[in-house]
file target31.tsv (TSV, C-alpha atoms)
chain	number	residue	atom	x	y	z
A	1	MET	CA	148.53	160.86	80.99
A	2	HIS	CA	145.80	158.22	80.78
A	3	VAL	CA	147.13	155.30	78.69
A	4	PHE	CA	144.61	152.77	77.34
A	5	ILE	CA	146.23	149.48	76.26
A	6	ILE	CA	144.39	146.75	74.36
A	7	THR	CA	146.33	143.49	74.39
A	8	GLN	CA	144.86	140.00	74.13
A	9	TYR	CA	147.35	138.60	76.65
A	10	PHE	CA	148.04	140.04	80.11
A	11	PRO	CA	149.13	138.69	83.53
A	12	PRO	CA	148.40	136.36	85.20
A	13	GLU	CA	148.86	134.86	81.73
A	14	ILE	CA	152.48	134.18	80.87
A	15	GLY	CA	154.55	134.60	77.75
A	16	ALA	CA	156.33	137.43	75.97
A	17	SER	CA	153.17	139.42	75.17
A	18	ALA	CA	151.72	139.27	78.69
A	19	SER	CA	155.09	140.11	80.23
A	20	ARG	CA	155.66	143.01	77.82
A	21	TRP	CA	152.57	144.99	78.77
A	22	GLY	CA	152.33	143.61	82.29
A	23	ASP	CA	155.72	145.11	83.08
A	24	TYR	CA	155.27	148.30	81.10
A	25	ALA	CA	151.85	148.96	82.69
A	26	GLU	CA	153.38	148.71	86.18
A	27	ILE	CA	156.20	151.05	85.21
A	28	LEU	CA	153.83	153.60	83.67
A	29	ILE	CA	151.88	153.68	86.94
A	30	LYS	CA	155.08	154.23	88.93
A	31	GLN	CA	155.85	157.10	86.56
A	32	ASN	CA	152.52	158.72	87.57
A	33	HIS	CA	150.46	157.73	84.54
A	34	LYS	CA	146.97	156.25	84.72
A	35	VAL	CA	146.61	152.91	82.91
A	36	THR	CA	143.56	150.98	81.68
A	37	ILE	CA	144.01	147.49	80.21
A	38	LEU	CA	141.53	145.63	78.00
A	39	CYS	CA	142.54	141.95	77.75
A	40	GLU	CA	141.04	138.47	77.57
A	41	SER	CA	139.79	136.35	80.47
A	42	PRO	CA	143.09	134.69	81.46
A	43	HIS	CA	143.85	131.18	80.29
A	44	TYR	CA	146.91	131.28	77.99
A	45	PRO	CA	148.93	129.04	77.61
A	46	ASN	CA	146.42	126.62	79.16
A	47	SER	CA	143.22	125.29	77.62
A	48	SER	CA	141.18	126.25	80.70
A	49	TYR	CA	140.74	129.48	82.62
A	50	PHE	CA	142.96	130.44	85.53
A	51	THR	CA	141.67	129.67	89.02
A	52	GLY	CA	139.64	132.53	90.45
A	53	TYR	CA	138.70	134.01	87.07
A	54	LYS	CA	135.41	133.71	85.21
A	55	ASN	CA	134.89	133.92	81.48
A	56	SER	CA	132.10	136.47	81.72
A	57	TRP	CA	131.39	139.04	79.04
A	58	CYS	CA	133.38	141.68	80.91
A	59	THR	CA	134.90	141.69	84.36
A	60	ILE	CA	136.23	145.00	85.65
A	61	GLU	CA	139.06	145.00	88.18
A	62	GLU	CA	139.75	148.32	89.90
A	63	ARG	CA	143.24	147.54	91.12
A	64	SER	CA	143.93	151.11	92.22
A	65	GLU	CA	143.18	154.70	91.27
A	66	SER	CA	145.86	154.31	88.59
A	67	LEU	CA	145.11	150.83	87.22
A	68	THR	CA	141.89	149.36	85.84
A	69	ILE	CA	141.77	145.99	84.06
A	70	LEU	CA	138.84	144.95	81.87
A	71	ARG	CA	138.90	141.20	81.24
A	72	SER	CA	136.84	140.49	78.14
A	73	LYS	CA	135.11	137.33	76.92
A	74	ALA	CA	137.54	134.75	75.48
A	75	TYR	CA	137.63	131.23	74.06
A	76	ALA	CA	140.02	128.78	75.72
A	77	SER	CA	141.28	125.76	73.79
A	78	ASP	CA	144.53	123.90	73.09
A	79	ARG	CA	144.94	126.09	69.92
A	80	LYS	CA	146.51	123.12	68.11
A	81	SER	CA	144.67	123.73	64.85
A	82	PHE	CA	144.62	126.88	62.73
A	83	TYR	CA	140.85	127.15	63.07
A	84	LYS	CA	140.94	126.85	66.86
A	85	LYS	CA	143.38	129.73	66.84
A	86	LEU	CA	141.07	131.77	64.61
A	87	ILE	CA	138.14	131.20	66.99
A	88	HIS	CA	140.41	132.14	69.88
A	89	TYR	CA	141.25	135.44	68.17
A	90	PHE	CA	137.75	136.22	66.84
A	91	VAL	CA	135.95	135.81	70.17
A	92	PHE	CA	138.28	138.28	71.87
A	93	MET	CA	138.11	140.67	68.90
A	94	ILE	CA	134.30	140.82	69.03
A	95	SER	CA	134.03	141.08	72.81
A	96	SER	CA	136.73	143.73	73.05
A	97	ILE	CA	135.16	145.83	70.26
A	98	ILE	CA	132.01	146.03	72.37
A	99	ASN	CA	133.75	146.39	75.74
A	100	SER	CA	136.11	149.11	74.50
A	101	ASN	CA	133.16	151.50	74.79
A	102	LYS	CA	133.47	151.24	78.59
A	103	VAL	CA	136.75	153.21	78.58
A	104	LYS	CA	136.49	157.00	78.32
A	105	ASN	CA	138.72	160.05	78.34
A	106	TYR	CA	142.11	158.50	77.58
A	107	ASP	CA	145.05	160.38	76.11
A	108	LEU	CA	146.89	157.55	74.38
A	109	LEU	CA	145.55	154.30	72.92
A	110	ILE	CA	148.02	151.47	72.25
A	111	ILE	CA	146.83	148.30	70.53
A	112	SER	CA	149.17	145.33	70.68
A	113	SER	CA	149.41	142.87	67.79
A	114	PRO	CA	149.52	139.97	66.98
A	115	PRO	CA	146.95	138.65	66.82
A	116	LEU	CA	146.33	141.04	63.96
A	117	PHE	CA	142.61	140.87	64.71
A	118	THR	CA	143.23	143.00	67.80
A	119	GLY	CA	144.00	145.76	65.32
A	120	VAL	CA	140.40	145.52	64.08
A	121	VAL	CA	139.38	146.92	67.48
A	122	GLY	CA	141.47	149.97	66.59
A	123	LEU	CA	139.69	150.29	63.23
A	124	PHE	CA	136.35	150.25	65.03
A	125	ILE	CA	137.40	152.83	67.63
A	126	LYS	CA	138.84	155.14	64.99
A	127	LYS	CA	135.76	154.95	62.76
A	128	PHE	CA	133.02	155.24	65.38
A	129	TYR	CA	134.69	157.16	68.23
A	130	LYS	CA	137.20	159.17	66.15
A	131	ASN	CA	140.06	158.25	68.50
A	132	ASP	CA	143.54	157.57	67.11
A	133	PHE	CA	145.59	154.53	68.08
A	134	TRP	CA	149.24	153.51	68.00
A	135	LEU	CA	149.88	149.95	66.84
A	136	ASP	CA	152.36	147.91	68.86
A	137	ILE	CA	153.70	145.31	66.39
A	138	ARG	CA	155.33	142.43	68.26
A	139	ASP	CA	155.37	140.07	65.27
A	140	LEU	CA	154.68	140.33	61.55
A	141	TRP	CA	151.40	138.70	60.56
A	142	PRO	CA	150.41	137.11	58.19
A	143	GLU	CA	154.08	136.76	57.13
A	144	SER	CA	154.98	134.65	60.17
A	145	ALA	CA	151.96	132.37	59.65
A	146	LEU	CA	153.05	131.82	56.04
A	147	VAL	CA	156.67	131.10	56.96
A	148	LEU	CA	155.65	128.61	59.66
A	149	GLY	CA	153.29	126.76	57.32
A	150	GLN	CA	150.10	127.73	59.16
A	151	ILE	CA	148.64	129.21	55.98
A	152	LYS	CA	149.52	129.02	52.28
A	153	LYS	CA	149.73	131.77	49.66
A	154	GLY	CA	146.04	131.55	48.92
A	155	ILE	CA	142.88	133.37	49.85
A	156	LEU	CA	143.62	133.46	53.62
A	157	TYR	CA	147.03	135.00	53.03
A	158	LYS	CA	145.62	137.61	50.64
A	159	LEU	CA	142.87	138.52	53.09
A	160	GLY	CA	145.46	138.73	55.86
A	161	LYS	CA	147.63	141.09	53.82
A	162	LYS	CA	144.63	143.33	53.06
A	163	LEU	CA	143.68	143.44	56.73
A	164	GLU	CA	147.28	144.18	57.69
A	165	SER	CA	147.46	147.06	55.20
A	166	LYS	CA	144.13	148.51	56.35
A	167	ILE	CA	145.12	148.45	60.03
A	168	TYR	CA	148.54	149.94	59.27
A	169	GLN	CA	146.95	152.74	57.23
A	170	CYS	CA	144.60	153.66	60.08
A	171	ALA	CA	147.24	153.62	62.82
A	172	GLU	CA	148.59	156.95	64.04
A	173	GLY	CA	152.06	155.39	64.22
A	174	PHE	CA	153.95	152.22	65.09
A	175	ILE	CA	155.68	150.88	68.17
A	176	PHE	CA	157.83	147.78	67.80
A	177	PRO	CA	160.32	145.72	69.85
A	178	VAL	CA	163.00	145.13	67.20
A	179	PRO	CA	164.73	147.64	64.89
A	180	GLY	CA	164.32	145.38	61.85
A	181	PHE	CA	160.56	145.96	61.73
A	182	LYS	CA	161.24	149.48	60.46
A	183	SER	CA	162.67	148.04	57.23
A	184	TYR	CA	159.56	145.90	56.78
A	185	LEU	CA	157.25	148.91	57.21
A	186	LYS	CA	159.31	150.99	54.77
A	187	ASN	CA	158.27	148.56	52.01
A	188	PHE	CA	154.67	149.77	52.19
A	189	SER	CA	153.15	152.80	50.46
A	190	ASN	CA	153.83	156.31	51.75
A	191	LYS	CA	150.54	156.21	53.68
A	192	ILE	CA	152.22	153.67	55.95
A	193	SER	CA	155.98	154.08	55.50
A	194	LYS	CA	155.93	157.80	56.40
A	195	LYS	CA	154.12	157.31	59.71
A	196	PRO	CA	156.05	157.77	62.99
A	197	MET	CA	157.96	154.64	64.10
A	198	ILE	CA	159.15	154.19	67.68
A	199	GLU	CA	161.25	151.37	69.12
A	200	LEU	CA	160.17	149.88	72.45
A	201	MET	CA	162.39	146.88	72.95
A	202	ASN	CA	161.60	143.99	75.29
A	203	GLY	CA	164.10	144.94	77.93
A	204	VAL	CA	164.12	143.90	81.58
A	205	SER	CA	162.44	145.75	84.43
A	206	GLU	CA	164.34	146.94	87.48
A	207	ASP	CA	161.98	144.76	89.54
A	208	PHE	CA	163.09	141.65	87.61
A	209	ILE	CA	166.74	142.53	88.14
A	210	LYS	CA	166.19	143.10	91.87
A	211	LYS	CA	164.37	139.77	92.22
A	212	SER	CA	167.19	138.02	90.38
A	213	GLN	CA	169.86	139.58	92.58
A	214	LYS	CA	167.97	138.70	95.78
A	215	ILE	CA	167.64	135.02	94.83
A	216	ASN	CA	170.88	133.44	95.94
A	217	ILE	CA	170.96	130.02	94.28
A	218	SER	CA	173.99	128.08	93.12
A	219	ASN	CA	174.25	126.26	89.81
A	220	ASP	CA	173.07	122.65	89.62
A	221	GLN	CA	175.84	120.19	90.47
A	222	LYS	CA	175.51	118.90	86.94
A	223	PHE	CA	176.17	121.21	84.01
A	224	THR	CA	172.64	122.23	82.99
A	225	VAL	CA	171.43	123.59	79.66
A	226	LEU	CA	168.10	125.45	79.88
A	227	TYR	CA	165.38	126.38	77.41
A	228	SER	CA	162.33	128.19	78.81
A	229	GLY	CA	159.34	129.67	77.05
A	230	ASN	CA	156.93	128.83	74.29
A	231	MET	CA	157.32	125.43	72.65
A	232	GLY	CA	155.75	126.50	69.38
A	233	LEU	CA	156.25	126.36	65.65
A	234	ALA	CA	158.88	129.12	65.52
A	235	GLN	CA	161.21	127.64	68.14
A	236	ASP	CA	163.93	125.27	66.95
A	237	LEU	CA	163.60	122.73	69.76
A	238	ILE	CA	164.33	119.63	67.68
A	239	THR	CA	167.94	120.80	67.31
A	240	ILE	CA	168.28	120.93	71.12
A	241	VAL	CA	167.23	117.28	71.37
A	242	ARG	CA	169.68	116.33	68.61
A	243	ALA	CA	172.47	118.20	70.40
A	244	ALA	CA	171.60	116.35	73.61
A	245	GLU	CA	171.95	113.08	71.71
A	246	LEU	CA	175.41	114.14	70.51
A	247	LEU	CA	176.37	115.00	74.11
A	248	LYS	CA	174.80	111.97	75.81
A	249	ASP	CA	178.17	110.72	77.09
A	250	TYR	CA	178.87	114.00	78.93
A	251	ASN	CA	177.65	114.87	82.40
A	252	ILE	CA	175.16	117.42	81.02
A	253	ASP	CA	171.44	117.79	81.73
A	254	PHE	CA	168.94	119.54	79.44
A	255	ARG	CA	165.80	121.19	80.82
A	256	PHE	CA	162.74	122.48	78.96
A	257	ILE	CA	160.35	124.75	80.85
A	258	GLY	CA	157.06	125.85	79.30
A	259	GLU	CA	154.10	124.84	77.19
A	260	GLY	CA	153.15	125.01	73.54
A	261	VAL	CA	151.66	123.21	70.57
A	262	CYS	CA	154.94	121.34	69.91
A	263	ARG	CA	155.67	120.14	73.43
A	264	LEU	CA	154.27	116.62	72.97
A	265	GLU	CA	156.28	116.21	69.77
A	266	ILE	CA	159.51	117.26	71.53
A	267	GLU	CA	158.78	115.00	74.52
A	268	SER	CA	158.26	112.08	72.16
A	269	LEU	CA	161.48	112.84	70.31
A	270	ALA	CA	163.39	112.99	73.61
A	271	GLU	CA	161.94	109.76	75.00
A	272	SER	CA	165.18	107.80	74.54
A	273	LEU	CA	167.05	110.48	76.54
A	274	GLN	CA	164.85	110.48	79.64
A	275	LYS	CA	167.84	110.62	81.99
A	276	LYS	CA	169.34	113.55	80.09
A	277	ILE	CA	166.33	115.71	79.14
A	278	TYR	CA	163.70	116.92	81.64
A	279	PHE	CA	160.45	118.76	81.03
A	280	HIS	CA	158.72	121.18	83.41
A	281	ASP	CA	155.41	123.02	83.17
A	282	SER	CA	155.22	126.81	82.98
A	283	LEU	CA	156.32	128.57	86.15
A	284	SER	CA	155.75	131.87	87.90
A	285	ARG	CA	158.36	134.50	87.19
A	286	LYS	CA	159.96	134.07	90.62
A	287	ASP	CA	160.29	130.31	90.18
A	288	LEU	CA	161.54	130.73	86.61
A	289	ILE	CA	164.30	133.05	87.84
A	290	LYS	CA	165.39	130.31	90.25
A	291	TRP	CA	165.68	127.79	87.42
A	292	ILE	CA	167.56	130.23	85.23
A	293	LYS	CA	170.04	130.90	88.02
A	294	LYS	CA	170.48	127.17	88.65
A	295	SER	CA	171.37	126.59	85.01
A	296	SER	CA	174.85	126.79	83.48
A	297	VAL	CA	173.93	128.11	80.03
A	298	CYS	CA	170.64	129.16	78.37
A	299	LEU	CA	169.41	128.65	74.82
A	300	VAL	CA	167.60	130.99	72.42
A	301	PRO	CA	166.76	128.95	69.28
A	302	LEU	CA	164.58	129.88	66.32
A	303	LYS	CA	164.07	128.10	63.01
A	304	ASP	CA	166.19	129.11	60.04
A	305	LYS	CA	163.75	131.51	58.41
A	306	LYS	CA	164.57	134.88	56.84
A	307	LEU	CA	161.71	136.49	58.75
A	308	PHE	CA	163.38	135.71	62.09
A	309	LYS	CA	166.56	137.64	61.31
A	310	SER	CA	164.98	140.67	62.97
A	311	ALA	CA	163.89	138.70	66.06
A	312	LEU	CA	165.06	139.58	69.57
A	313	PRO	CA	163.29	137.07	71.86
A	314	SER	CA	162.57	138.54	75.29
A	315	LYS	CA	163.80	135.38	77.03
A	316	MET	CA	167.32	136.26	75.88
A	317	PHE	CA	167.24	139.47	77.93
A	318	GLU	CA	165.94	137.65	81.03
A	319	TYR	CA	168.73	135.07	80.79
A	320	MET	CA	171.29	137.85	80.50
A	321	ALA	CA	169.77	139.76	83.42
A	322	CYS	CA	170.21	136.64	85.57
A	323	GLY	CA	173.91	136.55	84.71
A	324	LYS	CA	173.77	133.49	82.46
A	325	PRO	CA	175.62	133.07	79.14
A	326	VAL	CA	173.35	132.59	76.14
A	327	ILE	CA	173.72	130.46	73.05
A	328	VAL	CA	171.67	132.07	70.31
A	329	GLY	CA	170.65	130.09	67.23
A	330	ILE	CA	169.42	133.10	65.26
A	331	ASN	CA	171.04	135.11	62.49
A	332	GLY	CA	170.61	138.87	62.35
A	333	GLU	CA	169.74	141.23	65.22
A	334	ALA	CA	170.12	138.65	68.00
A	335	ARG	CA	173.55	137.59	66.75
A	336	LYS	CA	174.69	141.24	66.66
A	337	LEU	CA	173.47	141.92	70.19
A	338	VAL	CA	175.14	138.84	71.68
A	339	ASN	CA	178.42	139.57	69.89
A	340	ASN	CA	178.38	143.28	70.82
A	341	SER	CA	177.59	142.57	74.48
A	342	LYS	CA	180.00	139.58	74.66
A	343	SER	CA	177.27	137.76	76.55
A	344	GLY	CA	177.40	134.40	74.80
A	345	LEU	CA	177.83	132.56	71.52
A	346	ALA	CA	175.89	132.93	68.28
A	347	ILE	CA	175.56	129.87	66.06
A	348	GLU	CA	173.76	128.95	62.85
A	349	PRO	CA	170.11	128.01	63.45
A	350	GLU	CA	169.06	124.38	63.07
A	351	ASN	CA	172.65	123.14	63.42
A	352	ALA	CA	172.92	120.49	66.15
A	353	ILE	CA	176.68	120.05	65.70
A	354	MET	CA	177.37	123.75	66.20
A	355	LEU	CA	175.02	123.82	69.20
A	356	SER	CA	176.74	120.84	70.83
A	357	GLU	CA	180.16	122.43	70.23
A	358	ALA	CA	179.00	125.73	71.75
A	359	ILE	CA	177.67	123.90	74.82
A	360	LEU	CA	181.00	122.07	75.16
A	361	THR	CA	182.84	125.40	74.97
A	362	TYR	CA	181.16	126.42	78.22
A	363	TYR	CA	181.24	122.92	79.70
A	364	ASN	CA	185.04	122.91	79.37
A	365	ASP	CA	185.48	126.52	80.52
A	366	ARG	CA	183.34	127.33	83.57
A	367	GLU	CA	185.20	130.60	84.07
A	368	ARG	CA	183.93	131.78	80.68
A	369	CYS	CA	180.38	131.00	81.83
A	370	ALA	CA	180.81	133.52	84.64
A	371	ILE	CA	182.53	136.13	82.45
A	372	ASP	CA	180.00	136.04	79.59
A	373	GLY	CA	177.11	135.89	82.06
A	374	GLY	CA	178.46	138.96	83.86
A	375	ASN	CA	178.85	140.79	80.56
A	376	GLY	CA	175.22	140.11	79.72
A	377	MET	CA	173.96	141.38	83.07
A	378	THR	CA	176.00	144.59	82.74
A	379	TYR	CA	174.69	145.17	79.21
A	380	ILE	CA	171.06	144.78	80.29
A	381	ILE	CA	171.42	147.15	83.26
A	382	ASN	CA	173.16	149.81	81.15
A	383	ASN	CA	171.11	149.58	77.96
A	384	LEU	CA	167.81	147.73	78.30
A	385	SER	CA	166.07	148.93	81.44
A	386	LYS	CA	162.32	148.89	80.76
A	387	GLU	CA	161.91	152.01	82.89
A	388	MET	CA	164.24	153.92	80.60
A	389	LEU	CA	162.75	152.44	77.41
A	390	ILE	CA	159.10	153.26	78.21
A	391	SER	CA	159.97	156.82	79.30
A	392	LYS	CA	161.71	157.40	76.00
A	393	MET	CA	158.74	155.97	74.10
A	394	ILE	CA	156.19	158.17	75.91
A	395	ASN	CA	158.28	161.27	75.22
A	396	GLN	CA	158.51	160.40	71.53
A	397	VAL	CA	154.75	159.82	71.29
A	398	LYS	CA	154.11	163.22	72.91
A	399	LYS	CA	156.28	164.86	70.27
call {"tool": "encode", "arguments": {"input": "target31.tsv", "output": "structure tokens"}}
result
Amino acid sequence: MHVFIITQYFPPEIGASASRWGDYAEILIKQNHKVTILCESPHYPNSSYFTGYKNSWCTIEERSESLTILRSKAYASDRKSFYKKLIHYFVFMISSIINSNKVKNYDLLIISSPPLFTGVVGLFIKKFYKNDFWLDIRDLWPESALVLGQIKKGILYKLGKKLESKIYQCAEGFIFPVPGFKSYLKNFSNKISKKPMIELMNGVSEDFIKKSQKINISNDQKFTVLYSGNMGLAQDLITIVRAAELLKDYNIDFRFIGEGVCRLEIESLAESLQKKIYFHDSLSRKDLIKWIKKSSVCLVPLKDKKLFKSALPSKMFEYMACGKPVIVGINGEARKLVNNSKSGLAIEPENAIMLSEAILTYYNDRERCAIDGGNGMTYIINNLSKEMLISKMINQVKK
């Protein structure tokens, strides 16, 4: 099968979106499928393009007989304003609409959203080339933008909802990483709610697990609490700093790894705790695994919003795969998974006291760190192998 995937973000870019289709593309190739990727010229999460890459209209990389990558014109910026983000999305949308014509004779088209504007490429392909597409919904937009205060319930929100509905109506079916999205889609008209819906969770690849098991690194001498990933509007990072303040008299270090629009704010807030809280730039996957394995416990915090009850952040699975206990500040699906797998503790979001108490639970019981971490690794290996998940998805699409 020739699978054509349109996703704005793709390796060497980092983040959940790039990792999702970067991993799944590799696995599809190993499973004897041909894969073509249409993505942006790589720069995310930076404001400049990666070394060795040009921001030309379209650069075609023939990696092998089974993998072709088309890197389409993009707009790199710090994305700190809503309008900079819109330009970022629109430039890729327009360039990818035009460059999508370069890909022929594919059997399955998957378009990954957000940004929702990537779905417009699907509308164009369906109308002018009569090819169907499956929509991979990683996040709910414009709902998430509304909840995070990026837009208000005005004209932009209404336009966003109309665009969302139009894209959903034109999709052949839906692929999504969390079960809760099915409930959201069921609220639409029958034209949308009756379409096929397939789960493709953000599991962990066998390659990631092998790399983790090969890296033999002991914990830091100090008890270390780790957060890695996007430092954006959805992540509840302020509560981590407040918990660090509550625990300042304990021999505990806090480490943040990553980039994002809120990083400077969090660094400023943590300024009085410079000997307790450390910040690191984004790392390669191999180096990130090292830091995860050096840590004592890992954090998965989101803000206390109803929309996030369905969230299952991919970083949680990577922590678990590395054998580390997780403290999850999310209600809903994430809480259920952590409790069912016995891989950590689930607390109320935006509650610094509960977070500090959860950290102390592990600080005072290092044996529990090992037990819960081991439980998480076992759960990932048995239930969330990306190889198994993508095979199941392909079979369901064929049906």
call {"tool": "closest_residue", "arguments": {"input": "target31.tsv", "among": "A:Pro349, A:Asp287, A:Thr36, A:Asn190", "to": "Glu62 in chain A", "atoms": "all atoms listed in the file"}}
result
A:Thr36
call {"tool": "closest_residue", "arguments": {"input": "target31.tsv", "among": "A:Leu307, A:Leu355, A:Leu233, A:Leu38", "to": "Ser183 in chain A", "atoms": "only C-alpha atoms"}}
result
A:Leu307
call {"tool": "closest_residue", "arguments": {"input": "target31.tsv", "among": "A:Glu13, A:Asp236, A:Asp107, A:Glu61", "to": "His43 in chain A", "atoms": "only C-alpha atoms"}}
result
A:Glu13
call {"tool": "atom_distance", "arguments": {"input": "target31.tsv", "atom1": "CA of Leu264 in chain A", "atom2": "CA of Asn331 in chain A"}}
result
27.1 Å
call {"tool": "atom_distance", "arguments": {"input": "target31.tsv", "atom1": "CA of Trp134 in chain A", "atom2": "CA of Gln235 in chain A"}}
result
28.5 Å
